[in-house]
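Chemist: target-v9.txt is reproduced below (compact mmCIF, C-alpha atoms).
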```
# COMPACT_ATOMS: atom_id res chain seq x y z
CA MET A 167 -40.13 37.80 43.72
CA GLU A 168 -42.26 34.68 44.02
CA LEU A 169 -44.53 32.64 41.79
CA ILE A 170 -47.11 31.04 44.07
CA HIS A 171 -50.45 31.38 42.26
CA ARG A 172 -51.30 28.81 39.62
CA ASN A 173 -53.42 31.20 37.53
CA LEU A 174 -50.36 33.49 37.15
CA LEU A 175 -48.24 30.52 36.00
CA ILE A 176 -50.85 29.57 33.39
CA GLY A 177 -51.11 33.20 32.25
CA ILE A 178 -47.32 33.43 31.76
CA HIS A 179 -47.31 30.07 29.93
CA ASP A 180 -50.07 31.10 27.50
CA ALA A 181 -48.52 34.50 26.82
CA LEU A 182 -45.12 32.91 26.07
CA GLU A 183 -46.69 30.33 23.79
CA GLU A 184 -48.46 33.07 21.84
CA THR A 185 -45.30 35.23 21.56
CA PHE A 186 -42.93 32.42 20.57
CA PHE A 187 -45.16 30.31 18.35
CA GLN A 188 -47.87 32.47 16.80
CA ASP A 189 -47.07 34.54 13.75
CA ARG A 190 -46.79 38.33 14.18
CA LYS A 191 -47.64 38.29 17.88
CA TYR A 192 -45.59 40.96 19.66
CA ALA A 193 -44.76 40.69 23.34
CA ASP A 194 -46.04 44.14 24.36
CA LYS A 195 -49.47 43.49 22.81
CA VAL A 196 -49.65 39.92 24.16
CA ILE A 197 -48.98 41.02 27.76
CA GLU A 198 -51.36 43.98 27.40
CA ARG A 199 -54.18 41.61 26.38
CA LEU A 200 -53.35 39.17 29.18
CA LEU A 201 -53.45 41.87 31.86
CA LYS A 202 -56.67 43.34 30.43
CA ALA A 203 -58.31 39.91 30.51
CA ASN A 204 -57.36 39.48 34.20
CA ARG A 205 -58.45 42.73 35.79
CA LYS A 206 -58.77 41.06 39.20
CA TRP A 207 -55.01 40.54 39.50
CA GLY A 208 -53.50 43.00 42.00
CA SER A 209 -50.57 45.27 41.19
CA GLU A 210 -48.04 42.80 42.69
CA ASP A 211 -49.44 39.91 40.62
CA ARG A 212 -49.27 42.01 37.46
CA LYS A 213 -45.67 42.95 38.24
CA VAL A 214 -44.68 39.29 38.75
CA VAL A 215 -46.37 38.20 35.51
CA SER A 216 -44.83 41.03 33.44
CA GLN A 217 -41.35 40.59 34.83
CA ILE A 218 -41.18 36.80 34.43
CA PHE A 219 -42.75 37.00 30.94
CA TYR A 220 -40.27 39.62 29.68
CA ASP A 221 -37.27 38.04 31.43
CA ILE A 222 -37.94 34.65 29.84
CA ILE A 223 -38.23 36.25 26.38
CA ARG A 224 -35.02 38.17 27.01
CA TRP A 225 -33.06 35.15 28.26
CA LYS A 226 -34.63 32.48 26.03
CA LYS A 227 -31.39 31.20 24.49
CA ARG A 228 -29.62 30.97 27.83
CA LEU A 229 -32.57 29.17 29.40
CA GLU A 230 -32.63 26.73 26.48
CA TYR A 231 -29.00 25.93 27.25
CA TYR A 232 -29.78 25.29 30.93
CA MET A 233 -32.73 23.03 30.08
CA SER A 234 -30.71 21.22 27.34
CA GLU A 235 -33.35 21.70 24.63
CA GLY A 236 -34.93 24.38 22.48
CA VAL A 237 -38.28 25.80 23.56
CA LYS A 238 -41.32 24.07 22.05
CA PRO A 239 -45.06 24.52 22.68
CA ASN A 240 -44.97 21.43 24.98
CA ASN A 241 -42.01 22.44 27.20
CA ILE A 242 -42.81 26.05 28.14
CA TYR A 243 -43.50 25.04 31.77
CA LYS A 244 -40.00 23.55 31.84
CA MET A 245 -38.61 26.89 30.67
CA ILE A 246 -40.55 28.76 33.39
CA LEU A 247 -39.23 26.34 36.02
CA THR A 248 -35.67 26.72 34.65
CA TYR A 249 -36.05 30.49 34.95
CA CYS A 250 -37.21 30.17 38.58
CA LEU A 251 -34.21 27.94 39.42
CA TRP A 252 -31.73 30.24 37.65
CA THR A 253 -33.03 33.46 39.25
CA LYS A 254 -33.79 31.77 42.62
CA THR A 255 -37.42 32.86 42.31
CA HIS A 256 -39.50 31.20 45.03
CA TYR A 257 -42.18 29.00 43.42
CA LYS A 258 -44.83 26.48 44.42
CA LYS A 259 -44.50 22.88 43.20
CA PHE A 260 -47.31 23.17 40.67
CA GLU A 261 -48.58 19.98 38.95
CA GLU A 262 -47.45 21.54 35.63
CA PHE A 263 -43.85 21.02 36.86
CA ASP A 264 -44.34 17.28 37.54
CA GLY A 265 -41.89 15.03 35.72
CA ILE A 266 -39.33 17.75 34.96
CA LYS A 267 -35.83 16.57 35.93
CA ILE A 268 -34.72 19.41 38.17
CA ALA A 269 -31.36 17.77 38.97
CA ASP A 270 -30.23 18.04 35.32
CA ILE A 271 -31.02 21.75 35.23
CA LEU A 272 -29.31 22.36 38.59
CA ASN A 273 -26.17 20.56 37.39
CA LYS A 274 -25.88 22.92 34.43
CA LEU A 275 -26.52 25.94 36.66
CA LYS A 276 -23.85 24.82 39.17
CA LYS A 277 -21.17 24.88 36.44
CA ASN A 278 -21.84 28.63 36.13
CA THR A 279 -20.41 28.76 32.59
CA VAL A 280 -21.89 28.92 29.11
CA PRO A 281 -20.11 27.81 25.91
CA THR A 282 -20.64 30.85 23.65
CA LYS A 283 -21.10 34.64 23.77
CA ALA A 284 -24.43 34.25 21.94
CA ILE A 285 -25.72 32.04 24.79
CA GLU A 286 -24.22 34.32 27.46
CA HIS A 287 -26.05 37.38 26.07
CA SER A 288 -29.03 35.32 24.89
CA ILE A 289 -29.06 36.39 21.24
CA PRO A 290 -29.07 34.45 17.97
CA ASP A 291 -25.60 33.37 16.72
CA TRP A 292 -25.89 35.54 13.58
CA LEU A 293 -26.60 38.62 15.72
CA ALA A 294 -23.55 38.06 17.94
CA GLU A 295 -21.44 37.94 14.74
CA THR A 296 -23.08 41.06 13.26
CA LEU A 297 -22.67 43.09 16.46
CA GLU A 298 -19.03 42.10 16.85
CA LYS A 299 -18.31 42.88 13.19
CA GLU A 300 -19.99 46.30 13.30
CA LEU A 301 -19.25 47.51 16.84
CA GLY A 302 -15.95 45.78 17.62
CA PRO A 303 -14.99 44.90 21.22
CA LYS A 304 -17.57 47.26 22.79
CA TRP A 305 -20.50 45.17 21.47
CA GLU A 306 -20.73 43.18 24.71
CA ARG A 307 -21.06 46.30 26.84
CA GLU A 308 -23.97 47.41 24.65
CA MET A 309 -25.55 43.95 24.76
CA ASN A 310 -25.34 43.94 28.58
CA ALA A 311 -27.21 47.25 28.59
CA LEU A 312 -29.81 45.95 26.12
CA ASN A 313 -30.53 43.00 28.41
CA GLU A 314 -31.59 45.32 31.24
CA GLN A 315 -35.17 46.40 31.77
CA ALA A 316 -36.01 49.77 30.21
CA PRO A 317 -37.12 52.60 32.50
CA THR A 318 -40.49 54.24 31.80
CA ILE A 319 -39.97 57.72 30.37
CA LEU A 320 -42.76 60.18 29.66
CA ARG A 321 -42.70 63.34 27.55
CA ALA A 322 -44.68 66.20 29.06
CA ASN A 323 -47.04 67.59 26.42
CA THR A 324 -46.03 71.25 26.54
CA LEU A 325 -49.21 72.22 24.65
CA LYS A 326 -51.01 71.51 27.93
CA THR A 327 -48.52 71.31 30.81
CA SER A 328 -44.88 71.48 31.95
CA THR A 329 -42.61 68.77 33.40
CA LYS A 330 -42.94 70.36 36.85
CA GLU A 331 -46.77 70.40 36.72
CA LEU A 332 -46.85 66.86 35.29
CA ILE A 333 -44.68 65.49 38.12
CA SER A 334 -47.06 67.11 40.62
CA ASP A 335 -50.24 65.87 38.85
CA LEU A 336 -48.89 62.30 38.70
CA LYS A 337 -47.91 62.43 42.37
CA ASP A 338 -51.57 63.22 43.18
CA GLU A 339 -52.40 59.92 41.44
CA ASN A 340 -49.70 57.98 43.39
CA VAL A 341 -47.22 57.87 40.50
CA GLU A 342 -43.78 59.07 41.60
CA SER A 343 -41.48 60.56 38.95
CA PHE A 344 -38.50 62.90 38.51
CA PRO A 345 -37.06 65.16 35.78
CA ILE A 346 -34.08 64.06 33.65
CA LYS A 347 -31.12 66.40 33.27
CA ASN A 348 -30.55 67.71 29.71
CA TYR A 349 -33.95 66.42 28.50
CA PRO A 350 -36.27 69.44 28.83
CA ASP A 351 -39.62 67.63 28.40
CA ALA A 352 -38.77 64.20 29.87
CA ILE A 353 -39.61 62.66 33.23
CA GLN A 354 -38.79 59.18 34.51
CA LEU A 355 -41.04 57.01 36.69
CA GLU A 356 -39.59 55.78 39.99
CA GLU A 357 -41.12 52.37 39.26
CA LYS A 358 -43.19 50.74 36.52
CA LYS A 359 -46.86 51.75 36.77
CA ASN A 360 -49.80 51.53 34.38
CA VAL A 361 -49.85 55.24 33.57
CA PHE A 362 -52.57 54.78 30.94
CA LEU A 363 -55.15 54.57 33.73
CA THR A 364 -54.31 58.06 35.07
CA SER A 365 -56.43 61.14 34.40
CA ALA A 366 -53.19 62.89 33.37
CA PHE A 367 -52.99 60.47 30.44
CA LYS A 368 -56.68 60.75 29.55
CA ASP A 369 -56.34 64.55 29.59
CA GLY A 370 -53.43 64.35 27.12
CA LEU A 371 -50.79 65.74 29.49
CA PHE A 372 -48.10 63.28 28.38
CA GLU A 373 -47.00 60.59 25.94
CA VAL A 374 -44.80 57.59 26.74
CA GLN A 375 -41.62 58.34 24.76
CA ASP A 376 -38.04 57.33 25.53
CA ALA A 377 -35.58 60.13 26.31
CA SER A 378 -33.36 59.27 23.30
CA SER A 379 -36.36 59.44 20.98
CA GLN A 380 -37.15 62.93 22.30
CA LYS A 381 -33.76 64.17 21.06
CA ILE A 382 -34.88 63.66 17.44
CA GLY A 383 -37.60 66.32 17.52
CA GLU A 384 -35.18 68.76 19.17
CA LEU A 385 -32.50 68.11 16.51
CA LEU A 386 -34.88 68.87 13.62
CA ASP A 387 -34.92 72.52 14.77
CA VAL A 388 -38.56 73.20 13.84
CA GLN A 389 -39.97 76.73 14.15
CA GLU A 390 -43.52 78.01 14.53
CA GLY A 391 -45.22 78.51 11.16
CA MET A 392 -43.06 76.07 9.19
CA ARG A 393 -44.27 73.31 6.90
CA VAL A 394 -42.85 70.08 8.30
CA VAL A 395 -43.17 66.59 6.83
CA ASP A 396 -42.91 63.56 9.14
CA ALA A 397 -42.26 61.04 6.37
CA CYS A 398 -42.54 57.77 8.34
CA ALA A 399 -44.90 58.98 11.04
CA GLY A 400 -46.26 55.64 12.26
CA ALA A 401 -48.56 56.11 15.25
CA GLY A 402 -47.15 59.60 15.74
CA GLY A 403 -44.94 59.68 18.86
CA LYS A 404 -42.45 62.06 17.24
CA THR A 405 -45.14 63.90 15.22
CA LEU A 406 -46.83 64.94 18.47
CA HIS A 407 -43.51 66.13 19.88
CA LEU A 408 -42.99 68.28 16.75
CA ALA A 409 -46.50 69.76 17.18
CA ALA A 410 -45.63 70.76 20.76
CA LEU A 411 -42.27 72.23 19.70
CA MET A 412 -44.11 74.27 17.03
CA LYS A 413 -46.73 75.36 19.60
CA ASN A 414 -49.47 74.15 17.22
CA LYS A 415 -48.47 76.79 14.64
CA GLY A 416 -47.62 75.96 11.04
CA GLN A 417 -48.35 72.63 9.38
CA ILE A 418 -47.16 69.08 10.00
CA ILE A 419 -47.91 66.56 7.26
CA ALA A 420 -47.72 63.07 8.74
CA LEU A 421 -47.15 60.37 6.12
CA ASP A 422 -47.18 56.60 6.43
CA ILE A 423 -47.71 53.48 4.33
CA TYR A 424 -50.06 51.99 6.99
CA GLU A 425 -53.52 53.54 7.33
CA TRP A 426 -54.17 51.92 10.73
CA LYS A 427 -51.10 53.67 12.19
CA LEU A 428 -52.35 57.03 10.93
CA ALA A 429 -55.76 56.34 12.50
CA GLU A 430 -54.00 55.82 15.84
CA LEU A 431 -52.03 59.04 15.26
CA LYS A 432 -55.28 60.99 14.77
CA ARG A 433 -56.66 59.61 18.04
CA ARG A 434 -53.50 60.56 19.90
CA ALA A 435 -53.37 64.03 18.32
CA LYS A 436 -56.94 64.72 19.44
CA ARG A 437 -56.12 63.72 23.01
CA ALA A 438 -52.93 65.83 22.96
CA GLY A 439 -54.72 68.89 21.55
CA ALA A 440 -52.34 68.95 18.55
CA HIS A 441 -54.33 70.71 15.81
CA ASN A 442 -51.65 71.40 13.19
CA ILE A 443 -51.23 67.78 12.00
CA GLU A 444 -52.61 66.48 8.72
CA ALA A 445 -52.32 62.71 8.19
CA ARG A 446 -51.79 61.48 4.62
CA PHE A 447 -51.71 57.84 3.60
CA ILE A 448 -48.97 57.01 1.06
CA GLU A 449 -51.03 54.99 -1.39
CA ASP A 450 -48.69 55.69 -4.31
CA ASN A 451 -45.66 57.78 -5.33
CA LYS A 452 -47.85 60.74 -6.26
CA VAL A 453 -48.32 61.58 -2.57
CA ILE A 454 -44.55 62.16 -2.28
CA LYS A 455 -44.22 63.85 -5.69
CA ARG A 456 -46.85 66.46 -4.80
CA LEU A 457 -44.65 67.50 -1.88
CA HIS A 458 -41.39 67.84 -3.85
CA GLU A 459 -39.48 70.95 -2.66
CA LYS A 460 -42.42 71.99 -0.45
CA ALA A 461 -41.10 71.27 3.08
CA ASP A 462 -38.99 73.47 5.38
CA ARG A 463 -38.19 70.40 7.47
CA VAL A 464 -38.42 66.65 6.82
CA LEU A 465 -38.16 63.94 9.46
CA ILE A 466 -37.21 60.49 8.17
CA ASP A 467 -37.59 58.14 11.13
CA ALA A 468 -36.60 55.20 8.96
CA PRO A 469 -37.72 51.58 9.36
CA CYS A 470 -34.79 49.69 10.89
CA SER A 471 -33.67 46.56 12.74
CA GLY A 472 -34.78 48.03 16.09
CA LEU A 473 -31.60 46.74 17.75
CA GLY A 474 -31.31 49.91 19.84
CA VAL A 475 -34.60 49.22 21.61
CA LEU A 476 -34.19 45.55 22.64
CA LYS A 477 -34.57 46.63 26.29
CA ARG A 478 -38.14 47.50 25.40
CA ASN A 479 -38.84 44.88 22.71
CA PRO A 480 -36.72 41.81 23.59
CA ASP A 481 -38.84 39.53 21.39
CA SER A 482 -37.74 41.30 18.20
CA LYS A 483 -34.29 39.66 18.33
CA TRP A 484 -35.99 36.28 17.81
CA LYS A 485 -38.16 37.60 14.96
CA ILE A 486 -35.51 39.17 12.68
CA ASP A 487 -32.53 37.72 10.81
CA GLN A 488 -29.59 38.91 8.72
CA ASP A 489 -31.71 38.78 5.54
CA PHE A 490 -34.20 41.15 7.15
CA ILE A 491 -31.41 43.60 8.02
CA ASP A 492 -30.00 43.43 4.49
CA ARG A 493 -33.47 44.13 3.06
CA ILE A 494 -34.16 46.99 5.46
CA LYS A 495 -30.85 48.67 4.54
CA LYS A 496 -31.89 48.80 0.88
CA GLU A 497 -35.23 50.25 1.94
CA GLN A 498 -33.52 52.90 4.11
CA GLN A 499 -31.37 54.10 1.20
CA GLN A 500 -34.39 54.20 -1.13
CA ILE A 501 -36.42 56.20 1.42
CA LEU A 502 -33.56 58.68 1.90
CA GLN A 503 -33.23 59.16 -1.86
CA ASP A 504 -36.99 59.54 -2.47
CA TYR A 505 -38.12 61.49 0.60
CA SER A 506 -35.24 63.99 0.61
CA LYS A 507 -36.78 65.43 -2.59
CA MET A 508 -39.59 66.93 -0.44
CA LEU A 509 -37.11 69.36 1.13
CA LYS A 510 -36.92 72.98 -0.09
CA LYS A 511 -33.51 74.47 -0.88
CA GLY A 512 -32.10 75.75 2.42
CA GLY A 513 -34.31 73.33 4.37
CA LYS A 514 -33.13 70.70 6.88
CA MET A 515 -33.97 67.07 7.42
CA VAL A 516 -33.20 64.45 10.06
CA TYR A 517 -32.48 60.82 9.20
CA ALA A 518 -32.98 58.72 12.34
CA THR A 519 -33.12 55.06 13.35
CA CYS A 520 -33.46 53.12 16.59
CA SER A 521 -30.53 50.93 15.53
CA ILE A 522 -26.95 50.81 16.81
CA LEU A 523 -25.45 49.35 13.61
CA PRO A 524 -23.22 51.78 11.65
CA SER A 525 -24.39 50.07 8.41
CA GLU A 526 -27.94 51.35 9.09
CA ASN A 527 -26.78 54.72 10.37
CA ASN A 528 -23.77 56.86 9.44
CA GLU A 529 -22.88 54.57 6.51
CA GLN A 530 -26.34 55.17 5.01
CA VAL A 531 -25.87 58.94 5.38
CA GLU A 532 -22.39 58.77 3.83
CA THR A 533 -23.76 56.85 0.82
CA PHE A 534 -26.61 59.35 0.41
CA LEU A 535 -24.28 62.39 0.57
CA LYS A 536 -21.88 60.84 -1.95
CA GLU A 537 -24.73 60.46 -4.43
CA ASN A 538 -26.44 63.79 -3.68
CA GLU A 539 -24.06 66.71 -3.81
CA GLY A 540 -26.84 69.23 -3.08
CA PHE A 541 -26.93 68.10 0.56
CA LYS A 542 -24.49 68.43 3.46
CA LEU A 543 -24.23 66.93 6.96
CA LEU A 544 -24.62 69.52 9.73
CA LYS A 545 -24.33 67.19 12.73
CA GLU A 546 -24.97 63.63 13.83
CA GLU A 547 -25.54 62.00 17.17
CA LYS A 548 -25.27 58.41 18.32
CA VAL A 549 -26.92 57.42 21.59
CA MET A 550 -25.76 54.02 22.80
CA PRO A 551 -27.83 51.81 25.16
CA SER A 552 -24.96 51.77 27.69
CA GLU A 553 -25.66 55.49 28.24
CA GLY A 554 -28.90 54.51 30.00
CA PHE A 555 -31.70 55.04 27.48
CA ASP A 556 -32.59 53.49 24.11
CA GLY A 557 -30.00 53.25 21.34
CA PHE A 558 -30.64 55.79 18.57
CA TYR A 559 -28.86 57.45 15.66
CA MET A 560 -29.79 60.81 14.18
CA ALA A 561 -28.21 62.97 11.47
CA LEU A 562 -29.17 66.57 10.65
CA ILE A 563 -28.73 67.18 6.91
CA ALA A 564 -29.23 70.47 5.06
CA ARG A 565 -30.21 70.96 1.45
CA LYS A 566 -27.87 73.58 0.04
CA ALA A 567 -29.56 76.84 -0.96
```
Translate the structure of the given file into structure tokens.
Modeler:
Amino acid sequence: MELIHRNLLIGIHDALEETFFQDRKYADKVIERLLKANRKWGSEDRKVVSQIFYDIIRWKKRLEYYMSEGVKPNNIYKMILTYCLWTKTHYKKFEEFDGIKIADILNKLKKNTVPTKAIEHSIPDWLAETLEKELGPKWEREMNALNEQAPTILRANTLKTSTKELISDLKDENVESFPIKNYPDAIQLEEKKNVFLTSAFKDGLFEVQDASSQKIGELLDVQEGMRVVDACAGAGGKTLHLAALMKNKGQIIALDIYEWKLAELKRRAKRAGAHNIEARFIEDNKVIKRLHEKADRVLIDAPCSGLGVLKRNPDSKWKIDQDFIDRIKKEQQQILQDYSKMLKKGGKMVYATCSILPSENNEQVETFLKENEGFKLLKEEKVMPSEGFDGFYMALIARKA
């Protein structure tokens, strides 16, 4: 890889500044806007910009160690140069790099050691402690996996196509992909491509959805004709999967506390041809109360730390802290207690998170079951990042008849 065009350097700089120093700016949206604003960049340029941008976010703490100072709005070019030196990325001697003492950075790099595990894995100190406390010695293996780039996984929309047909349709548009064993609707791209420009996407033949996330819909065991509540539906990735599994028969009530997410869900449902979804905004507790004991299935894809998906969202590790995790755990327990009431006797629900911390996962389920004797655990599954896809937890819980 090489960085030889000045406009790419400036683009990376501005995107990093926005992500690191502007409130509530998320890396995926920042890079999306940057690439949209520079439509003339070729596919190689876009690849270089995306990779360097994400790598620097991922390795921020380690790069700060090599450059002997924390990142600030006025030293982002120094961080980009440090990254190029560390990864041996060929670069031009841009004027933005003038005055940076390269020898100091090279001296640190030559030592080839870092003083702490947090710097080695490029995570905040508190997070290294939390991971070690909750996962024990295997935490480093998981952190190594989370520092890799995520593959692009699509879910074939079986309301309109099959994995085999989708692979063939994408091939016609120069996007190479292959099926994934034991994931019936999933395909993986050979290399990163902007699939949103394909006619296959515009025609609603697929959604971008990680393989681990696809397991959740399968676990819920939905049947045609059921009434299913997706209690934290968000923009609807899993809702759409449920609609496909139910072959558009029955009813899915998609709930969320954010109206803008439900608006996005409606757009996606229209494109996917999913007609059995009704979006409802949770404006107060009455919305939940009206559904008490009305659902055959309930999906609780709970808000969480997101630590299982750092491959995909590396910036989130710089945006959360231990206080956030402690708060979210209280919220998870409250949601479990409140939303489980929507389940009919004999019905089943899934509690899921994209976290790898036991305190957000099986410990939450254990607490819930202790306090609610009318429910029992049928099965649970942990998917760890070292297995290749995103880290997820899911528990299938039945309400006793």
Chemist: Which value, in Å to one decimal, gives the distance between CA of Glu339 in chain A and CA of Ser365 in chain A?
Modeler: 8.2 Å
Chemist: Can you work out which one of A:Glu235, A:Glu314, A:Glu449, A:Glu497 has the shortest atom-to-atom distance to Cys470 in chain A, counting all atoms listed in the file?
Modeler: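 For Cys470 in chain A, the nearest of the candidates is A:Glu497.
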Chemist: Taking all atoms listed in the file into account, name the residue in A:Asp450, A:Glu526, A:Asp487, A:Glu210 that is nearest to Ile423 in chain A.
Modeler: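 Closest residue, counting all atoms listed in the file: A:Asp450.
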Chemist: Please provide as a list in words all residues within 9 Å of Phe372 in chain A, with the sequence filter that same-chain residues fewer than 4 positions apart are discarded (counting only C-alpha atoms).
Modeler: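 Near neighbours after the sequence-gap exclusion: Leu320, Arg321, Ala322, Asn323, Thr324, Lys326, Thr327, Leu332, Ala366, Phe367 and Ala438 of chain A.
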Chemist: Find the distance between CA of Ile382 in chain A and CA of Arg224 in chain A and write it in Å to one decimal.
Modeler: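 Calculated distance between CA of Ile382 in chain A and CA of Arg224 in chain A is 27.2 Å.
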Chemist: Could you state the separation of CA of Ala567 in chain A and CA of Lys536 in chain A in Å, given to one decimal place?
Modeler: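 Rounded to one decimal, the two atoms are 17.8 Å apart.
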Chemist: Can you pull out every residue within 9 Å of range 277-283 of chain A, counting all atoms listed in the file, but drop anything in the same chain fewer than 3 positions away, and send it as a PDB file with C-alpha atoms, keeping the file's coordinate frame?
Modeler:
```
ATOM      1  CA  ARG A 228     -29.620  30.970  27.830  1.00  0.00           C
ATOM      2  CA  TYR A 231     -29.000  25.930  27.250  1.00  0.00           C
ATOM      3  CA  TYR A 232     -29.780  25.290  30.930  1.00  0.00           C
ATOM      4  CA  LEU A 272     -29.310  22.360  38.590  1.00  0.00           C
ATOM      5  CA  ASN A 273     -26.170  20.560  37.390  1.00  0.00           C
ATOM      6  CA  LYS A 274     -25.880  22.920  34.430  1.00  0.00           C
ATOM      7  CA  GLU A 286     -24.220  34.320  27.460  1.00  0.00           C
ATOM      8  CA  HIS A 287     -26.050  37.380  26.070  1.00  0.00           C
ATOM      9  CA  SER A 288     -29.030  35.320  24.890  1.00  0.00           C
ATOM     10  CA  ILE A 289     -29.060  36.390  21.240  1.00  0.00           C
ATOM     11  CA  ASP A 291     -25.600  33.370  16.720  1.00  0.00           C
ATOM     12  CA  ALA A 294     -23.550  38.060  17.940  1.00  0.00           C
ATOM     13  CA  GLU A 306     -20.730  43.180  24.710  1.00  0.00           C
TER      14      GLU A 306
END
```
Chemist: Would you kindly return, as number ranges by chain, each protein, DNA or RNA residue with an atom no farther than 12 Å from any atom of Trp225 in chain A, considering all atoms listed in the file and excluding same-chain residues fewer than 4 positions away?
Modeler: A: 217-221, 229-232, 237, 245-246, 248-249, 252-253, 284-290, 310, 312-315, 476-477, 480-481, 483-484
Chemist: Tell me which of A:Thr329, A:Thr296, A:Asn241, A:Ser379 sits closest to His179 in chain A, counting all atoms listed in the file.
Modeler: A:Asn241
Chemist: Can you tell me, as a list of chain:residue names, what residues are no more than 8 Å from range 257-267 of chain A when counting all atoms listed in the file, ignoring any on the same chain fewer than 6 positions away?
Modeler: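 My reading of the contact set: A:Glu168, A:Leu169, A:Ile170, A:His171, A:Arg172, A:Tyr243, A:Lys244, A:Leu247, A:Cys250.
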Chemist: Do a neighbour search on range 189-194 of chain A at 9 Å with all atoms listed in the file, toss out local chain neighbours closer than 4 positions, and write the hits as a PyMOL selection string.
Modeler: chain A and resi 181-182+184-185+198-199+219-220+223+478-482+485
Chemist: Which residue, A:Ala518, A:Ile563, A:Ala440, A:Ile178, has the smallest gap to Gln417 in chain A when you use only C-alpha atoms?
Modeler: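 Residue with the minimum atom-to-atom distance to Gln417 in chain A: A:Ala440.
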Chemist: Is there a way to get, as a compact mmCIF listing (two decimals) with C-alpha atoms, in the frame of the given file, all residues within 10 Å of the point (-42.8, 80.1, 12.3) in file coordinates, counting only C-alpha atoms?
Modeler:
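And here is the file that came out, result.txt:
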```
# COMPACT_ATOMS: atom_id res chain seq x y z
CA VAL A 388 -38.56 73.20 13.84
CA GLN A 389 -39.97 76.73 14.15
CA GLU A 390 -43.52 78.01 14.53
CA GLY A 391 -45.22 78.51 11.16
CA MET A 392 -43.06 76.07 9.19
CA ARG A 393 -44.27 73.31 6.90
CA MET A 412 -44.11 74.27 17.03
CA LYS A 413 -46.73 75.36 19.60
CA LYS A 415 -48.47 76.79 14.64
CA GLY A 416 -47.62 75.96 11.04
CA GLN A 417 -48.35 72.63 9.38
```
Chemist: Smallest atom-to-atom distance to Asn414 in chain A: which of A:Gly177, A:Gly400, A:Gly439, A:Pro345, using only C-alpha atoms?
Modeler: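 Ranking A:Gly177, A:Gly400, A:Gly439, A:Pro345 by distance to Asn414 in chain A, first place goes to A:Gly439.
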Chemist: Which of these residues is nearest to Ile448 in chain A, using all atoms listed in the file: A:Gly403, A:Glu425, A:Gly557, A:Phe186?
Modeler: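 Residue with the minimum atom-to-atom distance to Ile448 in chain A: A:Glu425.
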